[in-house]
Amino acid sequence: MRPDDTALHGLELRSLATSEGQLRVSLEDVTLDEPGADELVVRVEAAPINPSDLGLLIGPADMATARSEGTPEHPVVVADIPRQRLGAIKTRLDQSLAVGNEGAGTVVRAGGNVQHFLGRKVGMLGGGMYAQLRKLPARDCILLPEGAAAADGASMFVNPLTALGFTETMKAEGHSAIVHTAAASNLGQMLNRICLKDGIPLVNIVRSPAQAELLRAIGAQHIVDSTSPDFQTELTQAIRETGATIAFDAIGGGTLAGQILQAMEACAGRSGTGYSPYGSNAPKQVYIYGSLDMGPTVLNRSFGFTWSVGGWLLFPFLQRAGRDVVERMRQRVVDELTTTFASRYTRTISLRDALQLDILREYERKATGEKYLIDPSL
């Protein structure tokens, strides 16, 4: 069902975590004011479900306890949040929050200074995209190329800018090749296309032979399967061939970050001038940017002292990078929207579908090769 554009009235998906330890995800009726001089109102027609969106949507709730409430028109999903997890989200407790980092749609209202957007399709970044209507500053929107569909522009921010951010970070810190984990993901496939086009050596770490084959089919050159009994040897060889000294890890927990550092040190040690009890002087950097494994990050320190493990997030990176770098990145995404930065979706669902327990459990799995798109206009 389309929103009432004339009255600027529609539905919005919101997530509430209570101090009593309960998660409530619901659809709420909202009415927007007319846009200001530099604002737009967009009818949202496509918004992807990214892992970062799931972090806000369901947070630390135990989804094994999820149950349905509400009505068919206004469904509600309720789940319990374990008490020990409440401290990690204390700043959001008892606040109803809009969900959805990015999206795309058609401009149905435009302020006096931005009338040229009216009736055009735009990509948007700014949160609250799981809604039928979204009001936001025009500066947070990018006009889509003529002929592009809303689905083409729905994922033009988070994954593309993250992948480009990895290569920009690599260059800024003096590295020349990259290691990437969970490399068969939508983001990983984008990064592979960027690196092939830009001549950047890339080591792709995957978690199954099927994922390795997927990447091989799109031209990936260095692929290592972490389930292989010879994984450490194969990883070391790939790093030796590429010279990679920086890694971006979507897994987070477990031993993988340490294994990458071990492989980097093994390669650096071969070219060293002599023994040192402190290891090689070659820089070795792992950035953790995801949490597919929520367990502890385990480092078996066998890689000397010249290394670092830290966190990497897109929005702090964009703030540090500066306007010129960000504008160059954004323009590249527009120019290569349907090629390098194309996203493919396995299923398109409505806002109400997103609150059906069987569907929610499917997209909450974050399975490689399965990417869901919400079309709030359905």
# chains A, B, ... in the order shown; residues from 1 in each chain; ligands from 1
call {"tool": "closest_atom_pairs", "arguments": {"of": "segment 5-50 of chain A", "to": "segment 69-79 of chain A", "cutoff": "12 Å", "atoms": "only C-alpha atoms", "output": "tab-separated table"}}
result
residue	atom	partner	partner_atom	distance
A:Leu11	CA	A:His74	CA	9.2
A:Glu12	CA	A:His74	CA	10.4
A:Leu13	CA	A:Val76	CA	9.8
A:Arg14	CA	A:Val76	CA	9.8
A:Ser15	CA	A:Val77	CA	9.5
A:Leu16	CA	A:Val78	CA	9.6
A:Ala17	CA	A:Ala79	CA	9.5
A:Thr18	CA	A:Ala79	CA	10.8
A:Glu20	CA	A:Ala79	CA	11.6
A:Gly21	CA	A:Ala79	CA	8.7
A:Gln22	CA	A:Ala79	CA	5.9
A:Leu23	CA	A:Ala79	CA	5.1
A:Arg24	CA	A:Val78	CA	4.7
A:Val25	CA	A:Val77	CA	5.1
A:Ser26	CA	A:Val76	CA	4.5
A:Leu27	CA	A:His74	CA	5.6
A:Glu28	CA	A:His74	CA	7.4
A:Asp29	CA	A:His74	CA	9.1
call {"tool": "write_last_selection", "arguments": {"atoms": "C-alpha atoms", "output": "PDB file, in the first residue's frame"}}
result
ATOM      1  CA  LEU A  11       4.004   3.910   8.168  1.00  0.00           C
ATOM      2  CA  GLU A  12       7.437   3.700   9.763  1.00  0.00           C
ATOM      3  CA  LEU A  13       9.230   0.702  11.315  1.00  0.00           C
ATOM      4  CA  ARG A  14      10.595   1.389  14.807  1.00  0.00           C
ATOM      5  CA  SER A  15      12.611  -0.558  17.377  1.00  0.00           C
ATOM      6  CA  LEU A  16      12.239  -0.124  21.145  1.00  0.00           C
ATOM      7  CA  ALA A  17      14.467  -1.764  23.775  1.00  0.00           C
ATOM      8  CA  THR A  18      13.064  -1.329  27.268  1.00  0.00           C
ATOM      9  CA  GLU A  20      12.787  -4.134  31.646  1.00  0.00           C
ATOM     10  CA  GLY A  21      14.609  -6.267  29.079  1.00  0.00           C
ATOM     11  CA  GLN A  22      12.149  -6.442  26.219  1.00  0.00           C
ATOM     12  CA  LEU A  23      12.566  -5.642  22.508  1.00  0.00           C
ATOM     13  CA  ARG A  24       9.504  -4.392  20.604  1.00  0.00           C
ATOM     14  CA  VAL A  25       9.692  -3.889  16.822  1.00  0.00           C
ATOM     15  CA  SER A  26       6.561  -2.325  15.401  1.00  0.00           C
ATOM     16  CA  LEU A  27       4.985  -0.295  12.597  1.00  0.00           C
ATOM     17  CA  GLU A  28       3.858   3.179  13.609  1.00  0.00           C
ATOM     18  CA  ASP A  29       1.678   5.751  11.842  1.00  0.00           C
TER      19      ASP A  29
END
call {"tool": "residues_around", "arguments": {"residues": "segment 342-344 of chain A", "least_positions_apart": "2", "cutoff": "7 Å", "atoms": "only C-alpha atoms", "output": "PyMOL selection string"}}
result
chain A and resi 152+155+186+337-340+346
call {"tool": "write_last_selection", "arguments": {"atoms": "N, CA and C atoms", "output": "short mmCIF file (atom, residue, chain, number, x, y, z; two decimals), in the first residue's frame"}}
result
data_model
loop_
_atom_site.label_atom_id
_atom_site.label_comp_id
_atom_site.auth_asym_id
_atom_site.auth_seq_id
_atom_site.Cartn_x
_atom_site.Cartn_y
_atom_site.Cartn_z
N ASP A 152 18.39 0.03 -7.76
CA ASP A 152 19.78 0.26 -8.14
C ASP A 152 20.48 1.19 -7.16
N SER A 155 21.40 0.65 -2.27
CA SER A 155 22.62 0.28 -1.52
C SER A 155 23.83 1.05 -2.02
N ASN A 186 28.11 -9.43 -0.23
CA ASN A 186 27.82 -8.38 -1.20
C ASN A 186 28.93 -7.34 -1.19
N LEU A 337 27.46 2.79 -10.78
CA LEU A 337 26.36 2.30 -9.94
C LEU A 337 25.88 0.92 -10.36
N THR A 338 25.76 0.67 -11.66
CA THR A 338 25.20 -0.60 -12.13
C THR A 338 26.27 -1.59 -12.57
N THR A 339 27.53 -1.26 -12.30
CA THR A 339 28.63 -2.18 -12.66
C THR A 339 29.40 -2.54 -11.40
N THR A 340 30.43 -1.77 -11.06
CA THR A 340 31.27 -2.06 -9.89
C THR A 340 30.44 -2.18 -8.62
N THR A 346 18.08 -11.21 -3.13
CA THR A 346 17.43 -12.51 -3.29
C THR A 346 15.92 -12.42 -3.05
#
call {"tool": "residues_around", "arguments": {"residues": "segment 125-138 of chain A", "least_positions_apart": "4", "cutoff": "7 Å", "atoms": "only C-alpha atoms", "output": "PyMOL selection string"}}
result
chain A and resi 3+10-13+35+38-44+47+98-103+157+376-377
call {"tool": "write_last_selection", "arguments": {"atoms": "C-alpha atoms", "output": "mmCIF file, in the first residue's frame"}}
result
data_model
loop_
_atom_site.group_PDB
_atom_site.id
_atom_site.type_symbol
_atom_site.label_atom_id
_atom_site.label_comp_id
_atom_site.auth_asym_id
_atom_site.auth_seq_id
_atom_site.Cartn_x
_atom_site.Cartn_y
_atom_site.Cartn_z
ATOM 1 C CA PRO A 3 1.467 6.196 1.558
ATOM 2 C CA GLY A 10 2.538 6.778 6.166
ATOM 3 C CA LEU A 11 4.004 3.910 8.168
ATOM 4 C CA GLU A 12 7.437 3.700 9.763
ATOM 5 C CA LEU A 13 9.230 0.702 11.315
ATOM 6 C CA PRO A 35 9.820 20.252 3.831
ATOM 7 C CA ASP A 38 16.545 22.808 1.498
ATOM 8 C CA GLU A 39 14.639 19.626 2.377
ATOM 9 C CA LEU A 40 12.989 16.837 0.429
ATOM 10 C CA VAL A 41 10.218 14.362 1.148
ATOM 11 C CA VAL A 42 10.875 11.044 -0.571
ATOM 12 C CA ARG A 43 8.522 8.133 -1.128
ATOM 13 C CA VAL A 44 10.813 5.273 -0.128
ATOM 14 C CA ALA A 47 15.900 -0.009 1.434
ATOM 15 C CA ALA A 98 13.653 4.524 13.435
ATOM 16 C CA VAL A 99 15.583 1.871 11.486
ATOM 17 C CA GLY A 100 17.268 1.661 8.072
ATOM 18 C CA ASN A 101 20.566 3.365 7.212
ATOM 19 C CA GLU A 102 20.040 3.921 3.486
ATOM 20 C CA GLY A 103 17.456 3.707 0.756
ATOM 21 C CA PHE A 157 26.136 4.276 0.335
ATOM 22 C CA PRO A 376 7.909 0.205 1.869
ATOM 23 C CA SER A 377 5.578 1.175 -1.003
#
call {"tool": "closest_atom_pairs", "arguments": {"of": "segment 103-203 of chain A", "to": "segment 231-241 of chain A", "cutoff": "9 Å", "atoms": "only C-alpha atoms", "output": "tab-separated table"}}
result
residue	atom	partner	partner_atom	distance
A:Ala177	CA	A:Ile239	CA	8.7
A:Ile178	CA	A:Ile239	CA	8.8
A:Val179	CA	A:Ile239	CA	7.9
A:Pro201	CA	A:Glu241	CA	8.8
A:Leu202	CA	A:Ile239	CA	8.9
A:Val203	CA	A:Ala238	CA	6.5
call {"tool": "closest_residue", "arguments": {"among": "A:Ser280, A:Gln356, A:Leu164, A:Asp375", "to": "Ala46 of chain A", "atoms": "only C-alpha atoms"}}
result
A:Asp375
call {"tool": "select_by_dssp", "arguments": {"residues": "segment 31-227 of chain A", "states": "strand (DSSP E)", "output": "PyMOL selection string"}}
result
chain A and resi 31+39-48+62-70+75-80+96-98+102-110+121-125+133-137+141-143+178-180+202-206+222-225
call {"tool": "residues_around", "arguments": {"residues": "segment 294-297 of chain A", "least_positions_apart": "2", "cutoff": "6 Å", "atoms": "only C-alpha atoms", "output": "PyMOL selection string"}}
result
chain A and resi 253-254+291
call {"tool": "write_last_selection", "arguments": {"atoms": "C-alpha atoms", "output": "PDB file, in the first residue's frame"}}
result
ATOM      1  CA  GLY A 253      35.474 -12.999  17.191  1.00  0.00           C
ATOM      2  CA  GLY A 254      37.631 -16.103  17.240  1.00  0.00           C
ATOM      3  CA  SER A 291      30.759  -9.017  14.312  1.00  0.00           C
TER       4      SER A 291
END
call {"tool": "closest_residue", "arguments": {"among": "A:Ile251, A:Ala64, A:Ile246, A:Leu318", "to": "Ala183 of chain A", "atoms": "only C-alpha atoms"}}
result
A:Ile251
call {"tool": "closest_residue", "arguments": {"among": "A:Ser19, A:Ser276, A:Asn300, A:Thr106", "to": "Ala149 of chain A", "atoms": "only C-alpha atoms"}}
result
A:Thr106
call {"tool": "atom_distance", "arguments": {"atom1": "atom CA of Asp80 of chain A", "atom2": "atom CA of Asp249 of chain A"}}
result
29.3 Å
call {"tool": "atom_distance", "arguments": {"atom1": "atom CA of Ser96 of chain A", "atom2": "atom CA of Ile349 of chain A"}}
result
22.5 Å
call {"tool": "residues_around", "arguments": {"residues": "Leu313 of chain A", "least_positions_apart": "6", "cutoff": "12 Å", "atoms": "only C-alpha atoms", "output": "list in words"}}
result
Ser52, Val158, Asn159, Leu161, Thr162, Ala163, Gly165, Phe166, Thr169, Phe248, Asp249, Ala250, Tyr287, Ile288, Tyr289, Gly290, Ser291, Gln319 and Arg320 of chain A
call {"tool": "select_by_dssp", "arguments": {"residues": "segment 161-317 of chain A", "states": "alpha helix (DSSP H)", "output": "ChimeraX atom specification"}}
result
/A:161-172,186-198,209-217,231-242,256-270,314-317
call {"tool": "atom_distance", "arguments": {"atom1": "atom CA of Val326 of chain A", "atom2": "atom CA of Glu168 of chain A"}}
result
10.2 Å
call {"tool": "closest_residue", "arguments": {"among": "A:Gly199, A:Gly188, A:Gly174, A:Gly153", "to": "Ala282 of chain A", "atoms": "only C-alpha atoms"}}
result
A:Gly174
call {"tool": "residues_around", "arguments": {"residues": "Lys284 of chain A", "least_positions_apart": "2", "cutoff": "10 Å", "atoms": "only C-alpha atoms", "output": "NGL selection string"}}
result
:A and (175 or 244-247 or 260-265 or 268 or 280-282 or 286 or 303-309)
call {"tool": "closest_residue", "arguments": {"among": "A:Asp140, A:Val108, A:Gln211, A:Ile81", "to": "Leu8 of chain A", "atoms": "only C-alpha atoms"}}
result
A:Val108
